[in-house]
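**Student:** mmCIF, C-alpha atoms and all ligand atoms; chains and numbers go by the auth columns, saved as target.cif, coming up:
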```cif
data_model
#
loop_
_atom_site.group_PDB
_atom_site.id
_atom_site.type_symbol
_atom_site.label_atom_id
_atom_site.label_comp_id
_atom_site.label_asym_id
_atom_site.label_seq_id
_atom_site.Cartn_x
_atom_site.Cartn_y
_atom_site.Cartn_z
_atom_site.B_iso_or_equiv
_atom_site.auth_seq_id
_atom_site.auth_asym_id
ATOM 1 C CA MET A 1 292.259 20.541 35.035 0.00 24 A
ATOM 2 C CA ARG A 2 291.505 22.185 38.336 0.00 25 A
ATOM 3 C CA CYS A 3 290.389 25.730 38.448 0.00 26 A
ATOM 4 C CA GLN A 4 292.841 27.987 40.247 0.00 27 A
ATOM 5 C CA LEU A 5 290.616 31.049 40.415 0.00 28 A
ATOM 6 C CA SER A 6 290.170 30.899 44.155 0.00 29 A
ATOM 7 C CA ILE A 7 293.867 31.564 44.711 0.00 30 A
ATOM 8 C CA VAL A 8 293.672 34.801 42.749 0.00 31 A
ATOM 9 C CA ASN A 9 290.724 35.883 44.856 0.00 32 A
ATOM 10 C CA TYR A 10 292.288 34.956 48.135 0.00 33 A
ATOM 11 C CA GLN A 11 294.320 38.102 48.574 0.00 34 A
ATOM 12 C CA LEU A 12 293.291 39.691 51.852 0.00 35 A
ATOM 13 C CA MET A 13 292.233 43.292 52.089 0.00 36 A
ATOM 14 C CA THR A 14 290.986 45.884 54.527 0.00 37 A
ATOM 15 C CA PRO A 15 287.759 47.632 53.523 0.00 38 A
ATOM 16 C CA THR A 16 287.937 51.236 52.374 0.00 39 A
ATOM 17 C CA VAL A 17 285.028 53.632 51.953 0.00 40 A
ATOM 18 C CA GLU A 18 285.887 54.141 48.258 0.00 41 A
ATOM 19 C CA TYR A 19 285.829 50.432 47.540 0.00 42 A
ATOM 20 C CA ILE A 20 282.533 49.969 49.342 0.00 43 A
ATOM 21 C CA ARG A 21 280.890 52.949 47.665 0.00 44 A
ATOM 22 C CA GLU A 22 282.015 51.844 44.219 0.00 45 A
ATOM 23 C CA HIS A 23 280.680 48.324 44.725 0.00 46 A
ATOM 24 C CA PHE A 24 277.524 49.623 46.357 0.00 47 A
ATOM 25 C CA ASP A 25 276.761 51.476 43.108 0.00 48 A
ATOM 26 C CA LEU A 26 277.517 48.430 41.016 0.00 49 A
ATOM 27 C CA TYR A 27 275.346 46.027 43.022 0.00 50 A
ATOM 28 C CA ASN A 28 272.614 48.616 43.402 0.00 51 A
ATOM 29 C CA ARG A 29 272.278 48.761 39.606 0.00 52 A
ATOM 30 C CA GLN A 30 272.769 45.021 39.094 0.00 53 A
ATOM 31 C CA MET A 31 270.773 43.496 41.919 0.00 54 A
ATOM 32 C CA PHE A 32 268.521 46.125 43.487 0.00 55 A
ATOM 33 C CA GLY A 33 267.128 47.859 40.412 0.00 56 A
ATOM 34 C CA GLY A 34 269.018 51.075 41.245 0.00 57 A
ATOM 35 C CA THR A 35 266.477 51.805 43.987 0.00 58 A
ATOM 36 C CA LEU A 36 268.979 52.444 46.781 0.00 59 A
ATOM 37 C CA THR A 37 270.632 55.722 47.715 0.00 60 A
ATOM 38 C CA VAL A 38 274.090 55.483 49.236 0.00 61 A
ATOM 39 C CA PRO A 39 273.769 55.701 53.039 0.00 62 A
ATOM 40 C CA PRO A 40 276.645 56.964 55.214 0.00 63 A
ATOM 41 C CA ILE A 41 279.435 54.364 55.228 0.00 64 A
ATOM 42 C CA TYR A 42 281.633 53.983 58.304 0.00 65 A
ATOM 43 C CA LEU A 43 284.717 51.942 59.046 0.00 66 A
ATOM 44 C CA THR A 44 284.872 50.696 62.621 0.00 67 A
ATOM 45 C CA ASN A 45 287.032 48.581 64.910 0.00 68 A
ATOM 46 C CA ALA A 46 284.196 46.252 65.877 0.00 69 A
ATOM 47 C CA ARG A 47 285.105 42.732 66.806 0.00 70 A
ATOM 48 C CA THR A 48 281.576 41.350 66.777 0.00 71 A
ATOM 49 C CA TYR A 49 280.676 41.955 63.154 0.00 72 A
ATOM 50 C CA MET A 50 282.373 42.256 59.783 0.00 73 A
ATOM 51 C CA GLY A 51 279.594 44.330 58.299 0.00 74 A
ATOM 52 C CA GLN A 52 276.447 45.838 59.725 0.00 75 A
ATOM 53 C CA MET A 53 273.488 47.856 58.511 0.00 76 A
ATOM 54 C CA THR A 54 272.210 50.030 61.308 0.00 77 A
ATOM 55 C CA CYS A 55 269.011 52.043 61.423 0.00 78 A
ATOM 56 C CA ARG A 56 266.414 53.446 63.768 0.00 79 A
ATOM 57 C CA LYS A 57 263.390 51.255 64.227 0.00 80 A
ATOM 58 C CA ARG A 58 260.071 52.516 65.498 0.00 81 A
ATOM 59 C CA THR A 59 257.075 50.264 65.936 0.00 82 A
ATOM 60 C CA GLY A 60 253.735 51.806 65.104 0.00 83 A
ATOM 61 C CA LEU A 61 250.358 51.255 66.717 0.00 84 A
ATOM 62 C CA PHE A 62 249.569 48.065 64.863 0.00 85 A
ATOM 63 C CA GLY A 63 253.055 46.583 65.104 0.00 86 A
ATOM 64 C CA LYS A 64 254.224 47.903 61.737 0.00 87 A
ATOM 65 C CA LYS A 65 257.876 48.870 61.921 0.00 88 A
ATOM 66 C CA HIS A 66 259.221 52.078 60.470 0.00 89 A
ATOM 67 C CA PHE A 67 262.903 52.346 59.619 0.00 90 A
ATOM 68 C CA SER A 68 265.053 55.469 59.241 0.00 91 A
ATOM 69 C CA ASP A 69 268.602 56.840 59.729 0.00 92 A
ATOM 70 C CA PHE A 70 270.397 54.122 57.800 0.00 93 A
ATOM 71 C CA ALA A 71 274.150 53.514 57.817 0.00 94 A
ATOM 72 C CA LEU A 72 276.529 50.794 56.687 0.00 95 A
ATOM 73 C CA ARG A 73 279.443 49.823 58.912 0.00 96 A
ATOM 74 C CA PHE A 74 282.391 47.602 58.163 0.00 97 A
ATOM 75 C CA SER A 75 285.039 46.499 60.609 0.00 98 A
ATOM 76 C CA ARG A 76 288.698 47.081 59.841 0.00 99 A
ATOM 77 C CA ARG A 77 289.569 44.514 62.465 0.00 100 A
ATOM 78 C CA PHE A 78 289.072 41.651 60.014 0.00 101 A
ATOM 79 C CA ASP A 79 291.015 40.777 56.916 0.00 102 A
ATOM 80 C CA PHE A 80 288.588 40.068 54.128 0.00 103 A
ATOM 81 C CA SER A 81 289.172 38.215 50.933 0.00 104 A
ATOM 82 C CA GLU A 82 287.768 40.368 48.163 0.00 105 A
ATOM 83 C CA THR A 83 284.786 38.063 47.554 0.00 106 A
ATOM 84 C CA GLU A 84 284.112 37.929 51.275 0.00 107 A
ATOM 85 C CA LEU A 85 283.966 41.710 51.475 0.00 108 A
ATOM 86 C CA GLN A 86 281.682 41.850 48.435 0.00 109 A
ATOM 87 C CA ASP A 87 279.376 39.184 49.869 0.00 110 A
ATOM 88 C CA THR A 88 279.314 40.998 53.200 0.00 111 A
ATOM 89 C CA LEU A 89 278.376 44.219 51.432 0.00 112 A
ATOM 90 C CA ILE A 90 275.589 42.544 49.455 0.00 113 A
ATOM 91 C CA HIS A 91 274.317 40.898 52.636 0.00 114 A
ATOM 92 C CA GLU A 92 274.073 44.309 54.317 0.00 115 A
ATOM 93 C CA MET A 93 272.505 45.787 51.175 0.00 116 A
ATOM 94 C CA ILE A 94 269.704 43.218 51.414 0.00 117 A
ATOM 95 C CA HIS A 95 269.039 44.380 54.988 0.00 118 A
ATOM 96 C CA TYR A 96 269.161 47.953 53.747 0.00 119 A
ATOM 97 C CA TYR A 97 266.804 47.245 50.823 0.00 120 A
ATOM 98 C CA ILE A 98 264.225 45.622 53.109 0.00 121 A
ATOM 99 C CA ALA A 99 264.439 48.392 55.703 0.00 122 A
ATOM 100 C CA CYS A 100 264.502 51.434 53.435 0.00 123 A
ATOM 101 C CA HIS A 101 261.554 50.137 51.399 0.00 124 A
ATOM 102 C CA GLN A 102 259.765 49.654 54.738 0.00 125 A
ATOM 103 C CA LEU A 103 259.184 45.976 53.947 0.00 126 A
ATOM 104 C CA GLN A 104 258.232 43.812 56.889 0.00 127 A
ATOM 105 C CA ASP A 105 260.179 40.644 57.545 0.00 128 A
ATOM 106 C CA ILE A 106 259.488 38.343 60.462 0.00 129 A
ATOM 107 C CA SER A 107 263.072 38.491 61.769 0.00 130 A
ATOM 108 C CA ALA A 108 266.499 39.880 60.815 0.00 131 A
ATOM 109 C CA HIS A 109 267.140 36.971 58.455 0.00 132 A
ATOM 110 C CA GLY A 110 263.530 36.073 57.887 0.00 133 A
ATOM 111 C CA GLN A 111 261.749 34.662 54.878 0.00 134 A
ATOM 112 C CA LEU A 112 262.073 37.798 52.776 0.00 135 A
ATOM 113 C CA PHE A 113 265.772 38.174 53.465 0.00 136 A
ATOM 114 C CA ARG A 114 266.471 34.534 52.626 0.00 137 A
ATOM 115 C CA GLN A 115 264.496 34.681 49.440 0.00 138 A
ATOM 116 C CA MET A 116 266.384 37.735 48.187 0.00 139 A
ATOM 117 C CA MET A 117 269.673 36.165 49.272 0.00 140 A
ATOM 118 C CA ASN A 118 268.946 32.900 47.463 0.00 141 A
ATOM 119 C CA ASP A 119 267.857 34.743 44.317 0.00 142 A
ATOM 120 C CA ILE A 120 271.048 36.792 44.251 0.00 143 A
ATOM 121 C CA ASN A 121 273.243 33.769 44.963 0.00 144 A
ATOM 122 C CA GLN A 122 271.626 31.876 42.125 0.00 145 A
ATOM 123 C CA LYS A 123 271.528 34.670 39.597 0.00 146 A
ATOM 124 C CA TYR A 124 274.964 36.132 40.258 0.00 147 A
ATOM 125 C CA GLY A 125 276.884 33.102 41.542 0.00 148 A
ATOM 126 C CA ARG A 126 277.478 34.667 44.959 0.00 149 A
ATOM 127 C CA HIS A 127 277.890 32.819 48.252 0.00 150 A
ATOM 128 C CA ILE A 128 276.054 35.063 50.646 0.00 151 A
ATOM 129 C CA THR A 129 275.045 33.451 53.914 0.00 152 A
ATOM 130 C CA VAL A 130 273.050 34.593 56.911 0.00 153 A
ATOM 131 C CA SER A 131 275.767 33.716 59.382 0.00 154 A
ATOM 132 C CA HIS A 132 278.611 36.182 59.031 0.00 155 A
ATOM 133 C CA ARG A 133 277.250 38.364 61.756 0.00 156 A
ATOM 134 C CA ILE A 134 278.015 37.041 65.200 0.00 157 A
ATOM 135 C CA THR A 135 274.845 36.573 67.208 0.00 158 A
ATOM 136 C CA ASN A 136 274.523 36.638 70.977 0.00 159 A
ATOM 137 C CA GLU A 137 274.277 32.861 71.037 0.00 160 A
ATOM 138 C CA GLU A 138 277.463 32.491 69.037 0.00 161 A
ATOM 139 C CA ARG A 139 279.123 34.963 71.325 0.00 162 A
ATOM 140 C CA LEU A 140 278.065 32.858 74.303 0.00 163 A
ATOM 141 C CA GLN A 141 279.492 29.783 72.647 0.00 164 A
ATOM 142 C CA LEU A 142 282.767 31.588 72.151 0.00 165 A
ATOM 143 C CA ILE A 143 282.871 32.471 75.813 0.00 166 A
ATOM 144 C CA GLY A 144 282.140 28.871 76.757 0.00 167 A
ATOM 145 C CA SER A 145 279.469 29.094 79.426 0.00 168 A
ATOM 146 C CA LYS A 146 276.778 31.430 80.607 0.00 169 A
ATOM 147 C CA PRO A 147 278.677 34.605 81.418 0.00 170 A
ATOM 148 C CA ARG A 148 278.443 36.172 84.847 0.00 171 A
ATOM 149 C CA PRO A 149 277.517 39.816 85.129 0.00 172 A
ATOM 150 C CA ARG A 150 280.407 42.205 84.800 0.00 173 A
ATOM 151 C CA ILE A 151 281.437 45.457 86.404 0.00 174 A
ATOM 152 C CA PHE A 152 283.436 47.577 84.032 0.00 175 A
ATOM 153 C CA ALA A 153 284.554 51.107 83.349 0.00 176 A
ATOM 154 C CA VAL A 154 283.989 52.852 80.048 0.00 177 A
ATOM 155 C CA VAL A 155 286.998 55.076 79.639 0.00 178 A
ATOM 156 C CA ARG A 156 287.178 57.876 77.126 0.00 179 A
ATOM 157 C CA LEU A 157 290.624 59.170 76.344 0.00 180 A
ATOM 158 C CA ALA A 158 291.522 62.680 75.246 0.00 181 A
ATOM 159 C CA ASP A 159 291.849 61.444 71.637 0.00 182 A
ATOM 160 C CA GLY A 160 288.141 60.497 71.632 0.00 183 A
ATOM 161 C CA GLU A 161 288.643 56.704 71.616 0.00 184 A
ATOM 162 C CA HIS A 162 286.679 54.512 74.022 0.00 185 A
ATOM 163 C CA TYR A 163 288.065 51.660 76.112 0.00 186 A
ATOM 164 C CA ILE A 164 286.654 49.065 78.460 0.00 187 A
ATOM 165 C CA LYS A 165 288.248 47.996 81.709 0.00 188 A
ATOM 166 C CA SER A 166 286.530 45.122 83.468 0.00 189 A
ATOM 167 C CA VAL A 167 287.417 44.349 87.111 0.00 190 A
ATOM 168 C CA PRO A 168 286.477 41.610 89.614 0.00 191 A
ATOM 169 C CA ARG A 169 283.089 42.280 91.198 0.00 192 A
ATOM 170 C CA ILE A 170 284.429 43.471 94.537 0.00 193 A
ATOM 171 C CA GLU A 171 283.769 47.037 95.610 0.00 194 A
ATOM 172 C CA GLN A 172 287.305 47.601 96.858 0.00 195 A
ATOM 173 C CA ARG A 173 288.704 46.521 93.474 0.00 196 A
ATOM 174 C CA VAL A 174 286.456 48.965 91.647 0.00 197 A
ATOM 175 C CA LEU A 175 287.544 51.804 93.927 0.00 198 A
ATOM 176 C CA THR A 176 291.214 50.959 93.483 0.00 199 A
ATOM 177 C CA MET A 177 290.871 50.788 89.692 0.00 200 A
ATOM 178 C CA HIS A 178 288.852 53.997 89.663 0.00 201 A
ATOM 179 C CA ARG A 179 291.672 55.872 91.386 0.00 202 A
ATOM 180 C CA ARG A 180 294.269 54.232 89.172 0.00 203 A
ATOM 181 C CA ILE A 181 292.510 55.169 85.915 0.00 204 A
ATOM 182 C CA SER A 182 291.349 58.658 86.864 0.00 205 A
ATOM 183 C CA PHE A 183 294.922 59.496 87.871 0.00 206 A
ATOM 184 C CA SER A 184 295.976 59.329 84.215 0.00 207 A
ATOM 185 C CA PRO A 185 296.065 62.704 82.431 0.00 208 A
ATOM 186 C CA GLN A 186 294.997 61.052 79.133 0.00 209 A
ATOM 187 C CA VAL A 187 291.592 60.121 80.558 0.00 210 A
ATOM 188 C CA SER A 188 288.797 62.528 79.698 0.00 211 A
ATOM 189 C CA SER A 189 285.924 60.554 81.233 0.00 212 A
ATOM 190 C CA LEU A 190 285.344 57.423 83.271 0.00 213 A
ATOM 191 C CA THR A 191 281.965 55.776 83.914 0.00 214 A
ATOM 192 C CA TRP A 192 281.184 52.502 85.678 0.00 215 A
ATOM 193 C CA TYR A 193 278.503 50.013 84.650 0.00 216 A
ATOM 194 C CA TYR A 194 277.068 46.700 85.693 0.00 217 A
ATOM 195 C CA SER A 195 275.729 44.383 82.971 0.00 218 A
ATOM 196 C CA SER A 196 275.012 40.745 82.218 0.00 219 A
ATOM 197 C CA ASP A 197 275.118 41.289 78.436 0.00 220 A
ATOM 198 C CA PRO A 198 277.517 38.598 77.117 0.00 221 A
ATOM 199 C CA PHE A 199 279.186 41.251 74.996 0.00 222 A
ATOM 200 C CA PHE A 200 280.965 42.568 78.073 0.00 223 A
ATOM 201 C CA ALA A 201 282.138 39.096 79.060 0.00 224 A
ATOM 202 C CA LEU A 202 284.374 39.253 75.987 0.00 225 A
ATOM 203 C CA PHE A 203 286.591 41.719 77.840 0.00 226 A
ATOM 204 C CA PRO A 204 288.975 40.126 80.331 0.00 227 A
ATOM 205 C CA SER A 205 288.411 41.037 83.963 0.00 228 A
ATOM 206 C CA SER A 206 291.593 41.857 85.856 0.00 229 A
ATOM 207 C CA MET A 207 293.388 44.412 87.999 0.00 230 A
ATOM 208 C CA GLY A 208 295.984 45.046 85.275 0.00 231 A
ATOM 209 C CA THR A 209 295.964 48.449 83.610 0.00 232 A
ATOM 210 C CA ARG A 210 295.558 47.118 80.065 0.00 233 A
ATOM 211 C CA MET A 211 292.280 48.272 78.537 0.00 234 A
ATOM 212 C CA GLN A 212 290.508 47.123 75.377 0.00 235 A
ATOM 213 C CA ARG A 213 289.514 49.600 72.732 0.00 236 A
ATOM 214 C CA VAL A 214 285.877 49.376 71.727 0.00 237 A
ATOM 215 C CA ASP A 215 283.846 50.715 68.842 0.00 238 A
ATOM 216 C CA LEU A 216 281.562 53.501 70.114 0.00 239 A
ATOM 217 C CA VAL A 217 278.468 52.521 68.116 0.00 240 A
ATOM 218 C CA GLU A 218 278.768 48.912 69.186 0.00 241 A
ATOM 219 C CA LEU A 219 279.367 49.995 72.767 0.00 242 A
ATOM 220 C CA GLN A 220 276.295 52.244 72.853 0.00 243 A
ATOM 221 C CA LEU A 221 274.169 49.409 71.547 0.00 244 A
ATOM 222 C CA HIS A 222 275.135 47.221 74.499 0.00 245 A
ATOM 223 C CA LEU A 223 275.238 49.973 77.115 0.00 246 A
ATOM 224 C CA ALA A 224 271.536 50.600 76.556 0.00 247 A
ATOM 225 C CA SER A 225 270.698 47.716 78.900 0.00 248 A
ATOM 226 C CA ALA A 226 273.554 48.217 81.388 0.00 249 A
ATOM 227 C CA THR A 227 273.123 49.713 84.864 0.00 250 A
ATOM 228 C CA PRO A 228 275.226 52.834 85.424 0.00 251 A
ATOM 229 C CA LEU A 229 277.120 52.968 88.717 0.00 252 A
ATOM 230 C CA ILE A 230 278.284 56.083 90.483 0.00 253 A
ATOM 231 C CA CYS A 231 281.796 56.071 91.852 0.00 254 A
ATOM 232 C CA ASP A 232 283.685 58.937 93.450 0.00 255 A
ATOM 233 C CA GLY A 233 286.783 56.925 94.369 0.00 256 A
ATOM 234 C CA ARG A 234 285.540 56.283 97.919 0.00 257 A
ATOM 235 C CA THR A 235 282.082 54.788 97.436 0.00 258 A
ATOM 236 C CA LEU A 236 280.228 52.903 94.735 0.00 259 A
ATOM 237 C CA ARG A 237 276.481 52.892 94.253 0.00 260 A
ATOM 238 C CA ARG A 238 273.784 52.410 91.649 0.00 261 A
ATOM 239 C CA GLY A 239 273.143 55.412 89.396 0.00 262 A
HETATM 240 ZN ZN ZN B . 272.451 39.985 58.466 0.00 301 B
#
```
Could you write out this structure as structure tokens?

**Tutor:**
Amino acid sequence: MRCQLSIVNYQLMTPTVEYIREHFDLYNRQMFGGTLTVPPIYLTNARTYMGQMTCRKRTGLFGKKHFSDFALRFSRRFDFSETELQDTLIHEMIHYYIACHQLQDISAHGQLFRQMMNDINQKYGRHITVSHRITNEERLQLIGSKPRPRIFAVVRLADGEHYIKSVPRIEQRVLTMHRRISFSPQVSSLTWYYSSDPFFALFPSSMGTRMQRVDLVELQLHLASATPLICDGRTLRRG
């Protein structure tokens, strides 16, 4: 007789903070010896990850990394099966365990991470993988070819949400779009950038007025390497 369990588990769900916190406690006791304290948990609209452990990383004199300011983030943009959400949480908890115990791994999914992951999979019958987080290379594959640099506006609306509007790389187009966007009373700020980070190639470039909402934390991560541009509606120059 075939086992039908997978059908029961296949109901899709959106993560909630309560669910994550409850399961964090459970897995912390079961798998991490109760050594973890619950970090802040945020729900986001990110399209590039399902779950993410974020922290500050400082590298000391002799290359030893020091981690602080931990948080767990889960995207509401994806529908998870329950097991998928649990596996995603455990995956992020392994990152969290390594970082908050100041353990040194050679890379994000290095030897230490894989060993803990394999142990947990074996002992608890989980199916955690290293691949649920979309890497830059995977992002590039999704886009198809090496992306060209983009010019885009980061638009903040009065409700606090952030949007991206990418336009063709022609000064006149930027100026036109600048006037068009800043004319709207809902817009509370508008800043232009130039970047060759593939993340920004995910946003369609056009002269239409449709903008894409973007998760602020994810945006800030990618803006760090972008070049700010200064536009006053008549001229455009490097910031
Ligand atoms: Zn990971």

**Student:** With a cut-off of 10 Å, could you pull out the residues of chain A touching ligand ZN 301 (chain B) and give me the nearest pair of atoms for each, distance in Å to one decimal, using all atoms listed in the file, ordered by chain and ascending number, as CSV?

**Tutor:**
```
residue,atom,partner,partner_atom,distance
A:Tyr72,CA,B:ZN301,ZN,9.7
A:Gly74,CA,B:ZN301,ZN,8.4
A:Gln75,CA,B:ZN301,ZN,7.2
A:Met76,CA,B:ZN301,ZN,7.9
A:Thr111,CA,B:ZN301,ZN,8.7
A:Ile113,CA,B:ZN301,ZN,9.9
A:His114,CA,B:ZN301,ZN,6.2
A:Glu115,CA,B:ZN301,ZN,6.2
A:Met116,CA,B:ZN301,ZN,9.3
A:Ile117,CA,B:ZN301,ZN,8.2
A:His118,CA,B:ZN301,ZN,6.6
A:Tyr119,CA,B:ZN301,ZN,9.8
A:Ala131,CA,B:ZN301,ZN,6.4
A:His132,CA,B:ZN301,ZN,6.1
A:Gly133,CA,B:ZN301,ZN,9.8
A:Phe136,CA,B:ZN301,ZN,8.5
A:Arg137,CA,B:ZN301,ZN,10.0
A:Ile151,CA,B:ZN301,ZN,9.9
A:Thr152,CA,B:ZN301,ZN,8.4
A:Val153,CA,B:ZN301,ZN,5.6
A:Ser154,CA,B:ZN301,ZN,7.2
A:His155,CA,B:ZN301,ZN,7.3
A:Arg156,CA,B:ZN301,ZN,6.0
A:Ile157,CA,B:ZN301,ZN,9.2
A:Thr158,CA,B:ZN301,ZN,9.7
```

**Student:** Run through the PyMOL selection byres (((chain A and resi 37-49) around 8) and not hetatm) on the given coordinates and return the selected residues as a list in words.

**Tutor:**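 Going through the file, the PyMOL selection byres (((chain A and resi 37-49) around 8) and not hetatm) ends up selecting Leu35, Met36, Tyr50, Asn51, Arg52, Gln53, Gly57, Val61, Ile64, Tyr65, Leu66, Phe97, Ser98, Arg99, Phe101, Asp102, Phe103, Leu108, Gln109, Leu112, Ile113 and Met116 of chain A.
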
**Student:** How far is it from atom CA of A:His245 to atom CA of A:Tyr217, in Å with one decimal?

**Tutor:**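 It comes out at 11.4 Å.
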
**Student:** Return as an MDAnalysis selection string the set of residues that the PyMOL selection byres (((chain A and resi 259-262) around 10) and not hetatm) yields on the displayed structure.

**Tutor:** chainID A and resid 194:195 197:198 215:217 250:258

**Student:** So which residues are close to (289.3, 57.1, 71.4), meaning at most 10 Å away in the file's coordinates with all atoms listed in the file counted, and can you show them as a list of chain:residue names?

**Tutor:**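 Those residues lying close to the given coordinates are A:Val178, A:Arg179, A:Leu180, A:Ala181, A:Asp182, A:Gly183, A:Glu184, A:His185, A:Tyr186, A:Val210, A:Ser211, A:Arg236, A:Val237, A:Asp238, A:Leu239.
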
**Student:** Please measure the separation of atom CA of A:Pro62 and atom CA of A:Arg81, giving the value in Å to one decimal.

**Tutor:** 18.8 Å

**Student:** Quick one, how far is atom CA of A:Ser218 from atom CA of A:Ser130?

**Tutor:**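 Taking atom CA of A:Ser218 and atom CA of A:Ser130, their separation equals 25.4 Å.
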
**Student:** Need the axis-aligned box for stretch 67-78 of chain A with 5 Å each side, so what are the centre and edges in Å to one decimal, as JSON?

**Tutor:**
```
{"center_x": 278.0, "center_y": 46.7, "center_z": 62.6, "size_x": 28.0, "size_y": 20.7, "size_z": 18.5}
```

**Student:** Please return as a PyMOL selection string every residue within 9 Å of (284.1, 37.5, 44.2), taking into account only C-alpha atoms and the file's own coordinates.

**Tutor:** chain A and resi 29+32+104-110+148-150

**Student:** I need the residue nearest A:Met234 from this list: A:Ser189, A:Gln125, A:Thr82, A:Asn144. Use all atoms listed in the file for the distance.

**Tutor:**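 So, comparing all the options, the nearest one is A:Ser189.
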
**Student:** Give me the residues within 10 Å of A:Arg173 as a ChimeraX atom specification, counting all atoms listed in the file and dropping any in the same chain fewer than 6 places off.

**Tutor:** /A:189-192,216-224,226-228,249
